[in-house]
file structure.txt (compact mmCIF, C-alpha atoms)
# COMPACT_ATOMS: atom_id res chain seq x y z
CA MET A 436 45.75 7.77 -102.33
CA THR A 437 44.25 8.17 -98.88
CA GLU A 438 41.97 5.61 -97.21
CA LEU A 439 39.06 7.85 -98.08
CA GLN A 440 39.94 8.12 -101.76
CA ILE A 441 40.60 4.38 -102.11
CA LYS A 442 37.32 3.42 -100.46
CA GLY A 443 35.46 6.15 -102.34
CA LYS A 444 36.70 4.81 -105.65
CA GLN A 445 35.80 1.23 -104.69
CA ALA A 446 32.33 2.34 -103.64
CA LYS A 447 31.77 4.22 -106.88
CA GLN A 448 32.78 1.16 -108.92
CA ALA A 449 30.53 -1.06 -106.81
CA SER A 450 27.59 1.32 -107.24
CA HIS A 451 27.60 0.78 -111.01
CA ILE A 452 27.22 -2.98 -110.46
CA LEU A 453 24.64 -2.69 -107.68
CA ALA A 454 22.42 -0.48 -109.82
CA ASN A 455 21.95 -3.31 -112.30
CA ILE A 456 21.68 -6.50 -110.24
CA SER A 457 18.44 -8.41 -109.81
CA SER A 458 16.11 -8.13 -106.85
CA LYS A 459 16.78 -11.82 -106.13
CA CYS A 460 20.53 -11.21 -105.84
CA LYS A 461 19.97 -8.36 -103.40
CA GLN A 462 17.48 -10.36 -101.38
CA ASP A 463 19.82 -13.34 -101.10
CA ALA A 464 22.65 -11.08 -99.95
CA LEU A 465 20.48 -9.46 -97.28
CA PHE A 466 19.36 -12.81 -95.89
CA LYS A 467 23.00 -13.91 -95.78
CA MET A 468 23.95 -10.67 -94.00
CA ALA A 469 21.27 -11.36 -91.37
CA ASP A 470 22.46 -14.94 -90.90
CA TYR A 471 26.08 -13.89 -90.55
CA LEU A 472 25.23 -11.33 -87.87
CA LEU A 473 23.85 -14.12 -85.70
CA THR A 474 26.58 -16.60 -86.59
CA TYR A 475 29.32 -14.16 -85.60
CA LYS A 476 27.45 -12.30 -82.86
CA GLU A 477 30.13 -13.10 -80.27
CA ASP A 478 32.64 -11.09 -82.30
CA ILE A 479 30.25 -8.13 -82.24
CA LEU A 480 29.59 -8.43 -78.51
CA LYS A 481 33.30 -8.57 -77.69
CA ALA A 482 34.00 -5.50 -79.81
CA ASN A 483 31.05 -3.66 -78.32
CA GLN A 484 32.31 -4.38 -74.80
CA ILE A 485 35.57 -2.63 -75.65
CA ASP A 486 33.63 0.42 -76.80
CA LEU A 487 31.46 0.33 -73.66
CA ASN A 488 34.50 0.07 -71.38
CA ASN A 489 36.13 3.03 -73.12
CA ALA A 490 32.91 5.03 -72.85
CA LEU A 491 32.63 4.33 -69.14
CA GLU A 492 36.21 5.47 -68.59
CA ASN A 493 35.39 8.69 -70.45
CA GLY A 494 32.37 9.40 -68.24
CA THR A 495 29.78 8.94 -70.99
CA SER A 496 26.19 9.59 -69.87
CA LYS A 497 23.72 6.81 -69.19
CA THR A 498 21.56 7.66 -72.20
CA MET A 499 24.56 7.71 -74.54
CA LEU A 500 25.68 4.35 -73.17
CA ASP A 501 22.23 3.02 -74.04
CA ARG A 502 22.69 4.17 -77.65
CA LEU A 503 26.07 2.43 -77.77
CA LEU A 504 25.02 -0.83 -76.13
CA LEU A 505 24.59 -4.01 -78.15
CA ASN A 506 23.33 -7.27 -76.68
CA GLU A 507 21.95 -10.50 -78.09
CA ASN A 508 18.44 -9.08 -78.33
CA ARG A 509 19.59 -5.97 -80.21
CA ILE A 510 21.70 -8.04 -82.61
CA GLU A 511 18.64 -10.22 -83.23
CA GLU A 512 16.66 -7.04 -83.95
CA MET A 513 19.36 -5.90 -86.40
CA ALA A 514 19.17 -9.26 -88.19
CA ASN A 515 15.37 -9.11 -88.29
CA GLY A 516 15.58 -5.62 -89.74
CA LEU A 517 17.73 -6.91 -92.59
CA ARG A 518 15.26 -9.72 -93.24
CA GLN A 519 12.37 -7.26 -93.35
CA VAL A 520 14.23 -5.05 -95.80
CA ALA A 521 14.99 -8.12 -97.92
CA THR A 522 11.29 -8.90 -98.35
CA LEU A 523 10.17 -5.36 -99.15
CA PRO A 524 9.35 -4.49 -102.77
CA ASP A 525 12.41 -3.41 -104.74
CA PRO A 526 11.94 0.24 -105.77
CA ILE A 527 14.60 0.13 -108.49
CA GLY A 528 13.33 0.01 -112.05
CA GLU A 529 9.79 1.09 -111.21
CA ILE A 530 8.30 3.18 -114.02
CA LYS A 531 5.67 5.79 -113.29
CA ASN A 532 3.94 8.80 -114.85
CA MET A 533 4.22 7.39 -118.37
CA SER A 534 2.40 9.64 -120.81
CA LEU A 535 1.97 9.92 -124.57
CA ARG A 536 2.85 13.26 -126.17
CA PRO A 537 1.06 14.61 -129.28
CA ASN A 538 4.19 13.87 -131.34
CA GLY A 539 4.04 10.18 -130.39
CA LEU A 540 6.82 10.21 -127.78
CA GLN A 541 6.16 8.16 -124.65
CA ILE A 542 7.76 9.83 -121.65
CA GLY A 543 7.99 8.40 -118.14
CA GLN A 544 10.13 8.27 -115.02
CA GLN A 545 12.15 5.31 -113.82
CA SER A 546 13.42 4.86 -110.25
CA VAL A 547 17.20 4.52 -110.02
CA PRO A 548 19.70 4.45 -107.13
CA LEU A 549 21.32 7.62 -105.83
CA GLY A 550 24.74 6.00 -106.34
CA VAL A 551 27.16 6.29 -103.41
CA VAL A 552 25.55 7.27 -100.12
CA GLY A 553 27.82 8.64 -97.41
CA ILE A 554 26.55 8.45 -93.83
CA ILE A 555 28.15 10.24 -90.88
CA TYR A 556 26.77 9.22 -87.50
CA GLU A 557 27.60 9.03 -83.83
CA ALA A 558 27.63 6.27 -81.21
CA ARG A 559 24.86 4.06 -82.62
CA PRO A 560 26.29 0.83 -84.09
CA ASN A 561 22.83 -0.37 -85.11
CA VAL A 562 22.86 2.41 -87.71
CA THR A 563 25.75 0.59 -89.38
CA CYS A 564 23.52 -2.39 -90.05
CA ASP A 565 20.42 -0.39 -91.04
CA ALA A 566 22.41 1.74 -93.47
CA ALA A 567 24.12 -1.24 -95.05
CA GLY A 568 20.85 -3.09 -95.61
CA LEU A 569 18.84 -0.18 -96.97
CA CYS A 570 21.61 0.98 -99.29
CA LEU A 571 22.19 -2.47 -100.75
CA LYS A 572 18.46 -3.14 -101.29
CA SER A 573 18.09 0.22 -103.07
CA GLY A 574 21.13 -0.47 -105.27
CA ASN A 575 23.44 2.03 -103.59
CA ALA A 576 26.96 1.64 -102.30
CA ALA A 577 27.51 2.94 -98.76
CA ILE A 578 30.44 4.75 -97.17
CA LEU A 579 29.99 4.83 -93.42
CA ARG A 580 31.79 7.06 -90.95
CA GLY A 581 30.70 6.31 -87.38
CA GLY A 582 31.87 8.01 -84.22
CA SER A 583 35.04 7.05 -82.39
CA GLU A 584 32.90 5.87 -79.44
CA ALA A 585 31.64 2.89 -81.48
CA ILE A 586 34.63 2.22 -83.72
CA TYR A 587 35.32 -1.35 -82.56
CA SER A 588 31.64 -2.31 -82.84
CA ASN A 589 31.38 -0.76 -86.30
CA ILE A 590 34.51 -2.51 -87.55
CA ALA A 591 33.19 -5.87 -86.36
CA ILE A 592 29.76 -5.35 -87.93
CA VAL A 593 31.13 -4.12 -91.27
CA ASN A 594 33.63 -6.98 -91.47
CA ILE A 595 30.82 -9.49 -90.96
CA LEU A 596 28.41 -7.82 -93.39
CA SER A 597 31.16 -7.38 -96.00
CA LYS A 598 31.97 -11.08 -95.79
CA ALA A 599 28.30 -11.89 -96.39
CA ILE A 600 28.15 -9.49 -99.36
CA SER A 601 31.29 -11.02 -100.85
CA ASP A 602 30.03 -14.59 -100.26
CA ALA A 603 26.83 -13.57 -102.08
CA ASN A 604 29.03 -12.71 -105.10
CA LEU A 605 28.37 -8.97 -104.88
CA PRO A 606 31.18 -6.40 -105.00
CA SER A 607 33.04 -6.00 -101.70
CA GLY A 608 33.22 -2.26 -102.29
CA ALA A 609 29.46 -2.03 -101.76
CA LEU A 610 30.00 -1.40 -98.04
CA GLN A 611 32.85 0.76 -96.78
CA LEU A 612 33.71 1.92 -93.28
CA ILE A 613 36.06 4.85 -92.75
CA GLU A 614 38.10 3.72 -89.76
CA ASP A 615 39.92 7.02 -89.37
CA THR A 616 37.64 8.90 -86.96
CA ARG A 617 39.52 12.21 -86.95
CA ARG A 618 37.51 15.37 -87.59
CA GLU A 619 39.70 16.17 -90.60
CA THR A 620 38.72 12.89 -92.25
CA ALA A 621 35.04 13.53 -91.63
CA ILE A 622 35.32 16.92 -93.34
CA ALA A 623 37.19 15.31 -96.24
CA LEU A 624 34.27 12.87 -96.65
CA MET A 625 31.86 15.82 -96.68
CA GLN A 626 33.79 17.19 -99.65
CA LEU A 627 34.38 13.93 -101.56
CA ASN A 628 32.31 15.06 -104.54
CA GLU A 629 34.26 12.86 -106.94
CA TYR A 630 32.83 9.70 -105.39
CA VAL A 631 29.93 10.52 -103.02
CA ASP A 632 26.53 11.40 -104.50
CA VAL A 633 24.71 12.32 -101.29
CA LEU A 634 25.62 12.66 -97.61
CA ILE A 635 23.30 11.88 -94.69
CA PRO A 636 24.28 12.94 -91.16
CA ARG A 637 22.70 11.18 -88.16
CA GLY A 638 23.38 12.57 -84.72
CA GLY A 639 23.12 15.60 -82.49
CA SER A 640 22.77 19.19 -83.59
CA GLY A 641 26.53 19.76 -83.43
CA LEU A 642 27.25 17.00 -85.95
CA ILE A 643 24.41 18.02 -88.25
CA GLN A 644 25.37 21.69 -88.29
CA ASN A 645 29.00 20.73 -88.90
CA VAL A 646 27.95 18.74 -91.97
CA VAL A 647 25.62 21.47 -93.27
CA LYS A 648 28.39 24.05 -92.82
CA ASN A 649 31.28 22.10 -94.35
CA ALA A 650 29.78 19.74 -96.95
CA THR A 651 30.14 20.36 -100.66
CA VAL A 652 28.44 17.02 -101.36
CA PRO A 653 24.62 17.32 -101.46
CA VAL A 654 23.19 16.75 -97.95
CA ILE A 655 19.91 15.30 -96.71
CA GLU A 656 19.58 16.81 -93.26
CA THR A 657 18.29 14.45 -90.58
CA GLY A 658 17.40 16.75 -87.74
CA THR A 659 17.51 16.58 -83.99
CA GLY A 660 14.34 15.71 -82.12
CA ASN A 661 13.01 18.58 -80.04
CA CYS A 662 9.59 16.93 -80.03
CA HIS A 663 6.40 18.31 -78.44
CA ILE A 664 3.11 16.98 -77.13
CA TYR A 665 0.19 19.37 -76.70
CA VAL A 666 -2.51 18.37 -74.19
CA ASP A 667 -5.69 20.05 -75.38
CA GLU A 668 -8.58 21.36 -73.29
CA SER A 669 -10.64 18.49 -74.63
CA CYS A 670 -8.61 15.34 -73.93
CA ASN A 671 -8.65 12.00 -72.21
CA ILE A 672 -6.53 12.55 -69.11
CA GLU A 673 -5.46 8.93 -68.75
CA MET A 674 -4.58 8.73 -72.44
CA ALA A 675 -2.49 11.89 -72.17
CA LYS A 676 -0.65 10.53 -69.14
CA SER A 677 0.05 7.18 -70.82
CA ILE A 678 1.27 8.76 -74.06
CA ILE A 679 3.58 11.27 -72.35
CA ILE A 680 5.13 8.63 -70.08
CA ASN A 681 5.76 6.39 -73.07
CA ALA A 682 7.10 9.20 -75.24
CA LYS A 683 9.50 10.37 -72.54
CA THR A 684 10.67 7.22 -70.75
CA SER A 685 10.55 4.28 -73.18
CA ARG A 686 13.86 5.43 -74.65
CA PRO A 687 14.90 8.99 -73.72
CA SER A 688 18.02 8.82 -75.91
CA ALA A 689 15.94 8.40 -79.09
CA CYS A 690 15.35 11.41 -81.32
CA ASN A 691 11.60 10.73 -81.31
CA ALA A 692 11.30 10.98 -77.52
CA VAL A 693 9.19 13.90 -76.30
CA GLU A 694 11.15 16.80 -74.83
CA LYS A 695 8.40 19.39 -74.26
CA VAL A 696 4.79 19.17 -73.10
CA LEU A 697 2.34 22.05 -73.61
CA ILE A 698 -0.91 22.03 -71.59
CA HIS A 699 -4.05 24.06 -72.17
CA LYS A 700 -4.71 26.41 -69.22
CA ASN A 701 -8.12 24.86 -68.53
CA THR A 702 -6.58 21.39 -68.26
CA ALA A 703 -3.52 22.37 -66.23
CA GLU A 704 -5.06 22.41 -62.75
CA LYS A 705 -6.37 18.87 -63.10
CA PHE A 706 -3.69 17.29 -65.28
CA LEU A 707 -0.42 18.74 -63.94
CA PRO A 708 -0.50 17.00 -60.53
CA ILE A 709 -1.27 13.70 -62.25
CA ILE A 710 1.51 13.87 -64.83
CA PHE A 711 3.89 15.41 -62.29
CA GLN A 712 3.52 12.41 -59.98
CA ALA A 713 3.81 9.91 -62.84
CA LEU A 714 7.00 11.56 -64.13
CA ILE A 715 8.56 11.71 -60.66
CA GLU A 716 7.94 7.97 -60.28
CA GLU A 717 9.89 7.48 -63.52
CA ASN A 718 12.77 9.66 -62.22
CA VAL A 719 12.13 12.38 -64.80
CA GLU A 720 13.36 15.87 -63.93
CA ILE A 721 10.67 18.45 -64.65
CA ARG A 722 11.35 22.00 -65.74
CA GLY A 723 8.41 24.34 -66.11
CA ASP A 724 7.28 27.88 -66.69
CA GLU A 725 5.96 30.05 -63.84
CA ARG A 726 2.37 28.84 -64.27
CA VAL A 727 3.53 25.23 -63.96
CA ALA A 728 5.54 26.14 -60.85
CA GLU A 729 2.44 27.65 -59.24
CA ILE A 730 0.65 24.32 -59.44
CA CYS A 731 3.69 22.07 -58.85
CA PRO A 732 6.06 23.96 -56.51
CA ASN A 733 9.78 23.16 -56.15
CA ILE A 734 10.34 22.37 -59.81
CA LYS A 735 13.18 23.98 -61.73
CA LEU A 736 12.09 26.97 -63.80
CA ALA A 737 12.62 26.45 -67.53
CA THR A 738 14.94 28.84 -69.33
CA GLU A 739 14.79 30.08 -72.90
CA GLU A 740 17.55 27.58 -73.72
CA ASP A 741 15.46 24.72 -72.31
CA TRP A 742 12.71 25.34 -74.88
CA LYS A 743 15.27 24.99 -77.67
CA GLN A 744 17.20 22.01 -76.34
CA GLU A 745 16.98 18.32 -77.19
CA PHE A 746 17.66 16.78 -73.78
CA LEU A 747 18.05 13.10 -74.78
CA ASP A 748 17.71 12.36 -71.07
CA TYR A 749 15.19 11.97 -68.26
CA ILE A 750 14.34 15.67 -68.44
CA LEU A 751 11.05 17.22 -69.59
CA ALA A 752 10.06 20.88 -69.92
CA ILE A 753 6.38 21.79 -69.45
CA LYS A 754 4.52 24.97 -70.36
CA VAL A 755 0.93 26.11 -69.82
CA VAL A 756 -0.60 27.78 -72.90
CA GLU A 757 -3.70 29.89 -73.43
CA ASP A 758 -5.08 27.85 -76.33
CA ILE A 759 -4.25 25.59 -79.27
CA ASP A 760 -2.96 28.48 -81.37
CA GLU A 761 -0.39 29.45 -78.74
CA ALA A 762 0.68 25.79 -78.61
CA ILE A 763 1.09 25.65 -82.39
CA SER A 764 2.99 28.94 -82.42
CA HIS A 765 5.35 27.72 -79.69
CA ILE A 766 5.96 24.44 -81.51
CA ASN A 767 6.66 26.07 -84.87
CA ASN A 768 9.04 28.50 -83.15
CA TYR A 769 11.07 26.03 -81.09
CA SER A 770 10.61 22.64 -82.74
CA SER A 771 13.31 20.96 -84.79
CA SER A 772 10.53 19.89 -87.20
CA HIS A 773 10.78 16.23 -86.18
CA SER A 774 7.64 14.90 -84.44
CA GLU A 775 4.75 16.57 -82.59
CA ALA A 776 1.48 15.28 -81.15
CA ILE A 777 -1.86 16.59 -79.92
CA ILE A 778 -3.96 14.78 -77.33
CA THR A 779 -7.57 15.79 -77.92
CA ASN A 780 -11.16 14.62 -78.28
CA ASP A 781 -11.99 17.59 -80.50
CA TYR A 782 -11.93 16.62 -84.21
CA ASN A 783 -11.65 20.22 -85.39
CA HIS A 784 -8.71 20.89 -83.07
CA ALA A 785 -7.02 17.73 -84.33
CA GLN A 786 -7.40 18.84 -87.95
CA HIS A 787 -6.25 22.38 -87.07
CA PHE A 788 -3.11 20.97 -85.43
CA LEU A 789 -2.37 18.62 -88.34
CA LYS A 790 -2.72 21.44 -90.84
CA LEU A 791 -0.64 24.12 -89.12
CA VAL A 792 2.17 22.28 -87.33
CA ASN A 793 5.22 22.41 -89.59
CA SER A 794 6.99 19.14 -88.76
CA SER A 795 7.81 15.97 -90.65
CA ALA A 796 5.52 13.77 -88.52
CA VAL A 797 2.39 15.05 -86.76
CA TYR A 798 0.26 12.80 -84.53
CA VAL A 799 -3.22 12.82 -83.07
CA ASN A 800 -3.59 10.83 -79.84
CA ALA A 801 -0.41 8.75 -80.22
CA SER A 802 3.15 8.75 -78.94
CA THR A 803 5.88 10.48 -80.93
CA ARG A 804 7.97 7.33 -80.43
CA PHE A 805 6.39 5.82 -83.54
CA THR A 806 8.43 8.04 -85.87
CA ASP A 807 10.65 5.19 -86.96
CA GLY A 808 11.31 3.38 -90.20
CA GLU A 809 10.38 -0.04 -88.86
CA GLU A 810 7.18 1.26 -87.23
CA PHE A 811 6.23 2.93 -90.51
CA GLY A 812 6.66 -0.34 -92.38
CA PHE A 813 10.00 0.45 -94.03
CA GLY A 814 11.94 -2.37 -92.29
CA ALA A 815 14.51 0.17 -91.09
CA GLU A 816 15.47 3.76 -91.75
CA ILE A 817 18.50 5.59 -93.01
CA GLY A 818 17.50 8.61 -90.93
CA ILE A 819 14.59 10.94 -90.25
CA SER A 820 14.71 13.91 -92.57
CA THR A 821 13.45 17.21 -91.17
CA GLN A 822 14.02 19.14 -94.37
CA LYS A 823 11.55 19.52 -97.21
CA ILE A 824 13.62 18.77 -100.30
CA HIS A 825 13.81 15.22 -101.68
CA ALA A 826 12.77 13.41 -98.50
CA ARG A 827 10.90 14.17 -95.29
CA GLY A 828 10.31 12.01 -92.22
CA PRO A 829 11.62 8.43 -91.86
CA MET A 830 13.69 7.56 -94.92
CA GLY A 831 13.27 4.06 -96.27
CA LEU A 832 14.08 2.49 -99.61
CA LYS A 833 12.16 4.89 -101.86
CA GLU A 834 13.91 7.88 -100.27
CA LEU A 835 17.25 6.35 -101.32
CA THR A 836 16.29 6.53 -104.97
CA THR A 837 15.93 9.24 -107.57
CA THR A 838 14.40 9.15 -111.04
CA LYS A 839 15.52 9.47 -114.60
CA TYR A 840 13.29 10.17 -117.57
CA ILE A 841 12.94 7.43 -120.14
CA ILE A 842 11.59 8.31 -123.57
CA TYR A 843 10.32 5.94 -126.27
CA GLY A 844 10.15 7.19 -129.85
CA ASN A 845 9.76 5.88 -133.39
CA GLY A 846 11.93 8.27 -135.35
CA GLN A 847 10.77 11.66 -134.03
CA THR A 848 13.05 14.63 -134.70
CA ARG A 849 12.81 18.22 -133.59
call {"tool": "encode", "arguments": {"input": "structure.txt", "output": "structure tokens"}}
result
Amino acid sequence: MTELQIKGKQAKQASHILANISSKCKQDALFKMADYLLTYKEDILKANQIDLNNALENGTSKTMLDRLLLNENRIEEMANGLRQVATLPDPIGEIKNMSLRPNGLQIGQQSVPLGVVGIIYEARPNVTCDAAGLCLKSGNAAILRGGSEAIYSNIAIVNILSKAISDANLPSGALQLIEDTRRETAIALMQLNEYVDVLIPRGGSGLIQNVVKNATVPVIETGTGNCHIYVDESCNIEMAKSIIINAKTSRPSACNAVEKVLIHKNTAEKFLPIIFQALIEENVEIRGDERVAEICPNIKLATEEDWKQEFLDYILAIKVVEDIDEAISHINNYSSSHSEAIITNDYNHAQHFLKLVNSSAVYVNASTRFTDGEEFGFGAEIGISTQKIHARGPMGLKELTTTKYIIYGNGQTR
């Protein structure tokens, strides 16, 4: 058997046990996992430094290095995330929609784990920890396949978390890392129907489209973040400036960072010079349409490709629009259905935007950077789904469950 088949089989066996253990057992294991991360943090930092050195030698971009980087603060955040997940209500076993039929049958739905969750992701070792915690709490086994850029970090984290899981008397097969980072192995995982119940890709559009194209295992698509902010004719200028700067510069490599700003034509003359200066001070490259260039000369003209692209960098494309409906049309045409925001003082415009924008998270007068499992109160997230089937938006514990019907009778026959 290959590494993939062996670990798939172990995960499947572990999933049967995890589905039936108590909330207390899962909570104890998660607290132990958090403690072990801090106890053995030096092992993680040493491994991460190897990955960082390799990335630097390969000319990896600054924003990608930021995704890869682990430090004491980020490890502490990972541990805190596990503790938060530990204290959240356990979704497994919850019974809902119980009803009594005319024939006396009681029929309801019970929440159960998905089973074995496969996760393919790129250079973000914190995902390793988030995925492990959420899967265990929701009674699922996890098979992780991270990118080659973070392989040493991922191995160190999984070894530590696996030790904690084993020391908590839970099956060691509950958490598996595929250490073979070849493309062929990734495709084999996408087609491991015998053992994997659902596959979740986290990464850029290339990775996601590769999974959608090649997977035979059911996929929950977590999309890229071509996120937009629309500055309405009726808006607070200072609020708009503050929100855009935060959404673009607080962490440009995040999928919830804003990539495009649309500005109402009646606001453009006043607002563009203000936001232009603020972005320049933050070293953001601005690309704009011809109307933007008329007000702010010497910027780079945006291309058709720019409107489609997720930059994940200190780059922002700006467009002047006629009205809110042109803004909504542009967003629904170019967005990746991740996160969009409107900055407005007009209640009707806010409601119009909320109703018609077709994305998984839509904001009024707030930064898109809040689209995050922890910010939404989930402790962490397994990904941000941009599709409409099964899950949409940040995926926490409930999104890692499904339901089965349970039926109580007293001798009924048909």
call {"tool": "residues_near_point", "arguments": {"input": "structure.txt", "point": "(27.8, -1.2, -108.6)", "cutoff": "8 Å", "atoms": "all atoms listed in the file", "output": "list in words"}}
result
Ala446, Lys447, Gln448, Ala449, Ser450, His451, Ile452, Leu453, Ala454, Asn455, Gly574, Asn575, Ala576, Pro606 and Ala609 of chain A
call {"tool": "closest_residue", "arguments": {"input": "structure.txt", "among": "A:Pro708, A:Gly814, A:Gly553, A:Pro653", "to": "Leu517 of chain A", "atoms": "all atoms listed in the file"}}
result
A:Gly814
call {"tool": "closest_residue", "arguments": {"input": "structure.txt", "among": "A:Arg637, A:Arg617, A:Lys461, A:Lys839", "to": "Thr657 of chain A", "atoms": "only C-alpha atoms"}}
result
A:Arg637
call {"tool": "residues_near_point", "arguments": {"input": "structure.txt", "point": "(5.5, 21.7, -87.2)", "cutoff": "8 Å", "atoms": "only C-alpha atoms", "output": "PyMOL selection string"}}
result
chain A and resi 763+766-767+770+772-775+791-795+797
call {"tool": "residues_around", "arguments": {"input": "structure.txt", "residues": "Met830 of chain A", "least_positions_apart": "4", "cutoff": "8 Å", "atoms": "only C-alpha atoms", "output": "list in words"}}
result
Gly808, Glu816, Ile817, Gly818, Ile819, Ser820, Ala826, Glu834 and Leu835 of chain A
call {"tool": "residues_around", "arguments": {"input": "structure.txt", "residues": "segment 480-490 of chain A", "least_positions_apart": "5", "cutoff": "8 Å", "atoms": "all atoms listed in the file", "output": "ChimeraX atom specification"}}
result
/A:495,500,503-507,584-588,591
call {"tool": "atom_distance", "arguments": {"input": "structure.txt", "atom1": "atom CA of Val652 of chain A", "atom2": "atom CA of Pro560 of chain A"}}
result
23.8 Å
call {"tool": "residues_around", "arguments": {"input": "structure.txt", "residues": "Gly844 of chain A", "least_positions_apart": "4", "cutoff": "10 Å", "atoms": "all atoms listed in the file", "output": "VMD selection string"}}
result
chain A and resid 538 to 542 848
call {"tool": "residues_around", "arguments": {"input": "structure.txt", "residues": "Ile777 of chain A", "least_positions_apart": "3", "cutoff": "7 Å", "atoms": "all atoms listed in the file", "output": "list in words"}}
result
Ile664, Tyr665, Val666, Asp667, Ala785, Tyr798, Val799 and Asn800 of chain A
